[in-house]
Amino acid sequence: MSNLAIHGGEPVRKEPYPAWPVHDERDIEAVTAVIRSGRWGGYPYPGPQTAEFARRFAEMQGGGYAVPMANGTVTMEVALRAVGIGWGDEVIVPAYTFQATAAAPMAAGAIPVIVDIDPETYCMDPKAVEAAITPKTRAIIPVHLGAQMSDMDALMDIAERHNLIVIEDCAHAHGAKWRGRGAGTIGHFGSFSLQSSKILSTGEGGVLLCRTPELATRVASIIDCGRPHDEAEQMFTMGANFRMAEIQAALGNVAVERFPEQTRQRDEMAAYMDEALSDIPGVRVLKRNPRHTTRAVYRYIFAIDPAVFGAEHGPVCAALTAEGIPCWEGYEAMHHYELFQPHLSKLPVPSAFPERFQFEQMDLPEAERACEHEAVWLDESVFRAGPQGVDDAVAAIRKIQEHAAELR
Ligand SMILES: Cc1ncc(COP(=O)(O)O)c(C=O)c1O
């Protein structure tokens with residue numbers, strides 16, 4: 001008789017983890033009020049719900065001028081366009097991220113330059129960034145991934161020395177803080193996704209935090225079909241409709257009320273998880289930088305040693321899922337995405353600069369190790385289920401390691 005649930009044994013957790021997104025009467029009332037008001041969409045921009053959400057979001061994150069919009073991909077494209085980054089410019093992105101981080105520069109006409117990650121945090125390696133800078137480099141997009149933050153001190157230092165724009169991709173980092181400063185308020189821009197799985201959600205949506213009101217005004221114009229948003233400016237600029245709808249913003253205004261308590265709980269449980277995991281053989285807890293003062297947990301990532309678990313991360317995640325623990329093996333390494341191959345994408349940028357898209361020749365060993373062998377992503381719901389939620393996940397990981405022979 002096998003012990004592991006994947007082979008028919010008893011699962012560690014039989015009760016499902018709490019569902020996401022959470023909602024109550026407040027969401028229903030907020031949306032109903034917008035429906036009754038007759039002002040559902042985002043035109044004219046911003047509507048009252050959207051303006052209020054912008055104010056509350058910036059306050060929650062601790063700074064910046066917030067521009068709510070359609071999603072957390074156009075946020076990055078628009079940020080680049082607002083500072084004149086476009087055709088043929090180079091934008092440095094980490095190899096470990098969602099495709100949007102590289103797709104956004106391409107949509108703006110820029111070339112994504114993919115660099116390796118720091119194995120201790122799985123975030124962009126500042127040394128790799130420095131080595132990738134050329135006279136055409138204009139921006140860096142660090143991604144705060146897996147309950148970690150990129151080393152913002154090192155990256156801002158590089159950016160200042162080379163006169164680069166920094167757009168923090170905070171799709172996983174709502175509420176995170178670096179030396180007490182909110183993620184997305186340290187660089188020139190902070191890009192947030194509010195898509196339904198994200199820890200602050202409006203169903204679909206995004207927010208771009210801008211360092212100055214002038215940048216926010218330019219961004220508002222670009223996302224509002226180019227309409228002038230500066231009183232002195234009468235000219236249309238090149239833009240499109242990337243506005244947030246009032247119904248979405250109404251959900252956001254309720255979500256920010258719940259958010260501080262959710263962040264506190266996930267942050268506390270992540271620290272508990274770090275400790276509980278650290279004595280399981282073959283498990284490596286990622287290193288939290290002491291300057292990373294508040295953690296946001298969308299996906300909590302740890303690394304396994306396949307030799308000790310008897311399998312690569314894929315089968316380990318399948319075994320964990322069978323034990324009742326929601327998890328994934330995470331993203332593919334960005335340079336392995338076929339999507340960006342010039343012959344497949346047919347996008348103007350890869351087609352015009354094919355020599356910059358020879359991704360199959362790239363060697364990014366740390367991202368490859370994480371993406372192909374060792375990363376395990378736990379869902380945020382594990383951290384919202386109290387200490388029992390974490391205890392069950394840890395018991396399941398320990399069980400799988402102890403029965404490694406069954407996975408081989
Ligand atoms: C790291 C990262 N960046 C950007 C995005 C894009 O966000 P959206 O789906 O709202 O466009 C995502 C979405 O999952 C993401 O995970």
# chains A, B, ... in the order shown; residues from 1 in each chain; ligands from 1
>>> closest_atom_pairs(of="chain A", to="ligand 1", cutoff="6 Å", atoms="only C-alpha atoms and all ligand atoms", output="Markdown table")
| residue | atom | partner | partner_atom_place_in_ligand_line | distance |
| --- | --- | --- | --- | --- |
| A:Asn71 | CA | ligand 1 | 10 (O) | 3.9 |
| A:Gly72 | CA | ligand 1 | 10 (O) | 3.6 |
| A:Thr73 | CA | ligand 1 | 11 (O) | 3.9 |
| A:Thr97 | CA | ligand 1 | 1 (C) | 5.2 |
| A:Phe98 | CA | ligand 1 | 1 (C) | 4.7 |
| A:Ala100 | CA | ligand 1 | 4 (C) | 4.9 |
| A:Thr101 | CA | ligand 1 | 3 (N) | 5.4 |
| A:Asp169 | CA | ligand 1 | 3 (N) | 5.8 |
| A:Ala171 | CA | ligand 1 | 2 (C) | 4.8 |
| A:Ser193 | CA | ligand 1 | 10 (O) | 4.0 |
| A:Leu194 | CA | ligand 1 | 10 (O) | 5.7 |
| A:Gln195 | CA | ligand 1 | 10 (O) | 4.9 |
| A:Gly205 | CA | ligand 1 | 10 (O) | 5.8 |
| A:Gly206 | CA | ligand 1 | 10 (O) | 5.8 |
>>> write_last_selection(atoms="N, CA and C atoms", output="compact mmCIF listing (two decimals), in the first residue's frame")
# COMPACT_ATOMS: atom_id res chain seq x y z
N ASN A 71 -5.17 46.64 -17.23
CA ASN A 71 -4.50 45.44 -16.72
C ASN A 71 -3.06 45.77 -16.34
N GLY A 72 -2.35 44.75 -15.88
CA GLY A 72 -0.98 44.96 -15.40
C GLY A 72 0.07 44.67 -16.45
N THR A 73 -0.33 44.68 -17.72
CA THR A 73 0.64 44.58 -18.82
C THR A 73 0.73 45.94 -19.52
N THR A 97 9.95 35.35 -14.87
CA THR A 97 8.78 36.21 -14.74
C THR A 97 7.70 35.73 -15.71
N PHE A 98 6.54 36.37 -15.62
CA PHE A 98 5.46 36.10 -16.57
C PHE A 98 5.78 36.79 -17.89
N ALA A 100 4.36 38.81 -19.67
CA ALA A 100 3.98 40.22 -19.81
C ALA A 100 5.16 41.17 -19.60
N THR A 101 6.10 40.79 -18.73
CA THR A 101 7.23 41.68 -18.41
C THR A 101 8.09 41.91 -19.65
N ASP A 169 7.86 45.81 -11.57
CA ASP A 169 6.69 44.97 -11.87
C ASP A 169 6.23 44.37 -10.53
N ALA A 171 3.25 42.97 -9.89
CA ALA A 171 2.05 42.15 -10.07
C ALA A 171 1.87 41.17 -8.91
N SER A 193 -0.89 44.45 -11.25
CA SER A 193 -2.00 43.75 -11.91
C SER A 193 -3.10 43.53 -10.87
N LEU A 194 -4.35 43.70 -11.30
CA LEU A 194 -5.50 43.47 -10.40
C LEU A 194 -6.39 42.35 -10.96
N GLN A 195 -5.81 41.52 -11.78
CA GLN A 195 -6.50 40.37 -12.37
C GLN A 195 -6.99 39.45 -11.24
N GLY A 205 -7.81 44.37 -14.28
CA GLY A 205 -7.41 45.75 -14.01
C GLY A 205 -5.94 45.86 -13.72
N GLY A 206 -5.48 47.09 -13.64
CA GLY A 206 -4.09 47.36 -13.30
C GLY A 206 -3.98 48.77 -12.74
>>> residues_around(residues="stretch 11-26 of chain A", least_positions_apart="4", cutoff="9 Å", atoms="only C-alpha atoms", output="PyMOL selection string")
chain A and resi 3-6+30-31+196-201+203+251+254-255+322-326+381-382+384-385+389+392-393+395-396+399
>>> closest_residue(among="A:His335, A:His403, A:His162, A:His313", to="A:Ala370", atoms="only C-alpha atoms")
A:His313
>>> atom_distance(atom1="atom CA of A:Arg211", atom2="atom CA of A:Val256")
20.7 Å
>>> residues_around(residues="A:Ala271", least_positions_apart="4", cutoff="12 Å", atoms="only C-alpha atoms", output="PDB file with C-alpha atoms, in the first residue's frame")
ATOM      1  CA  ALA A 147       7.117  36.675  -1.767  1.00  0.00           C
ATOM      2  CA  GLN A 148      10.572  38.183  -2.376  1.00  0.00           C
ATOM      3  CA  ARG A 264      -0.560  41.216   7.873  1.00  0.00           C
ATOM      4  CA  GLN A 265      -1.816  37.642   8.071  1.00  0.00           C
ATOM      5  CA  ARG A 266       0.004  36.386   4.974  1.00  0.00           C
ATOM      6  CA  ASP A 267       3.246  38.101   6.012  1.00  0.00           C
ATOM      7  CA  GLU A 275      10.874  28.436   9.828  1.00  0.00           C
ATOM      8  CA  ALA A 276       8.789  25.285   9.484  1.00  0.00           C
ATOM      9  CA  LEU A 277      10.322  24.396   6.111  1.00  0.00           C
ATOM     10  CA  SER A 278      13.904  24.986   7.092  1.00  0.00           C
ATOM     11  CA  VAL A 285      13.969  28.424   1.758  1.00  0.00           C
ATOM     12  CA  LEU A 286      14.689  31.503  -0.362  1.00  0.00           C
ATOM     13  CA  LYS A 287      16.650  34.180   1.452  1.00  0.00           C
ATOM     14  CA  ARG A 288      14.620  37.125   2.575  1.00  0.00           C
ATOM     15  CA  THR A 293      10.461  44.715   5.665  1.00  0.00           C
ATOM     16  CA  THR A 294       6.921  43.578   4.721  1.00  0.00           C
ATOM     17  CA  ARG A 295       6.249  40.593   2.549  1.00  0.00           C
ATOM     18  CA  ALA A 296       3.388  40.229   0.079  1.00  0.00           C
ATOM     19  CA  VAL A 297       2.455  36.612  -0.519  1.00  0.00           C
ATOM     20  CA  TYR A 300       5.409  31.659  -1.971  1.00  0.00           C
ATOM     21  CA  PHE A 383      -1.226  31.578   4.083  1.00  0.00           C
ATOM     22  CA  PRO A 387      -1.299  28.221  11.197  1.00  0.00           C
ATOM     23  CA  VAL A 390       0.790  26.214   6.876  1.00  0.00           C
TER      24      VAL A 390
END
>>> residues_around(residues="stretch 175-190 of chain A", least_positions_apart="4", cutoff="7 Å", atoms="only C-alpha atoms", output="ChimeraX atom specification")
/A:61-64,79,165-170,208-211,263,291-296
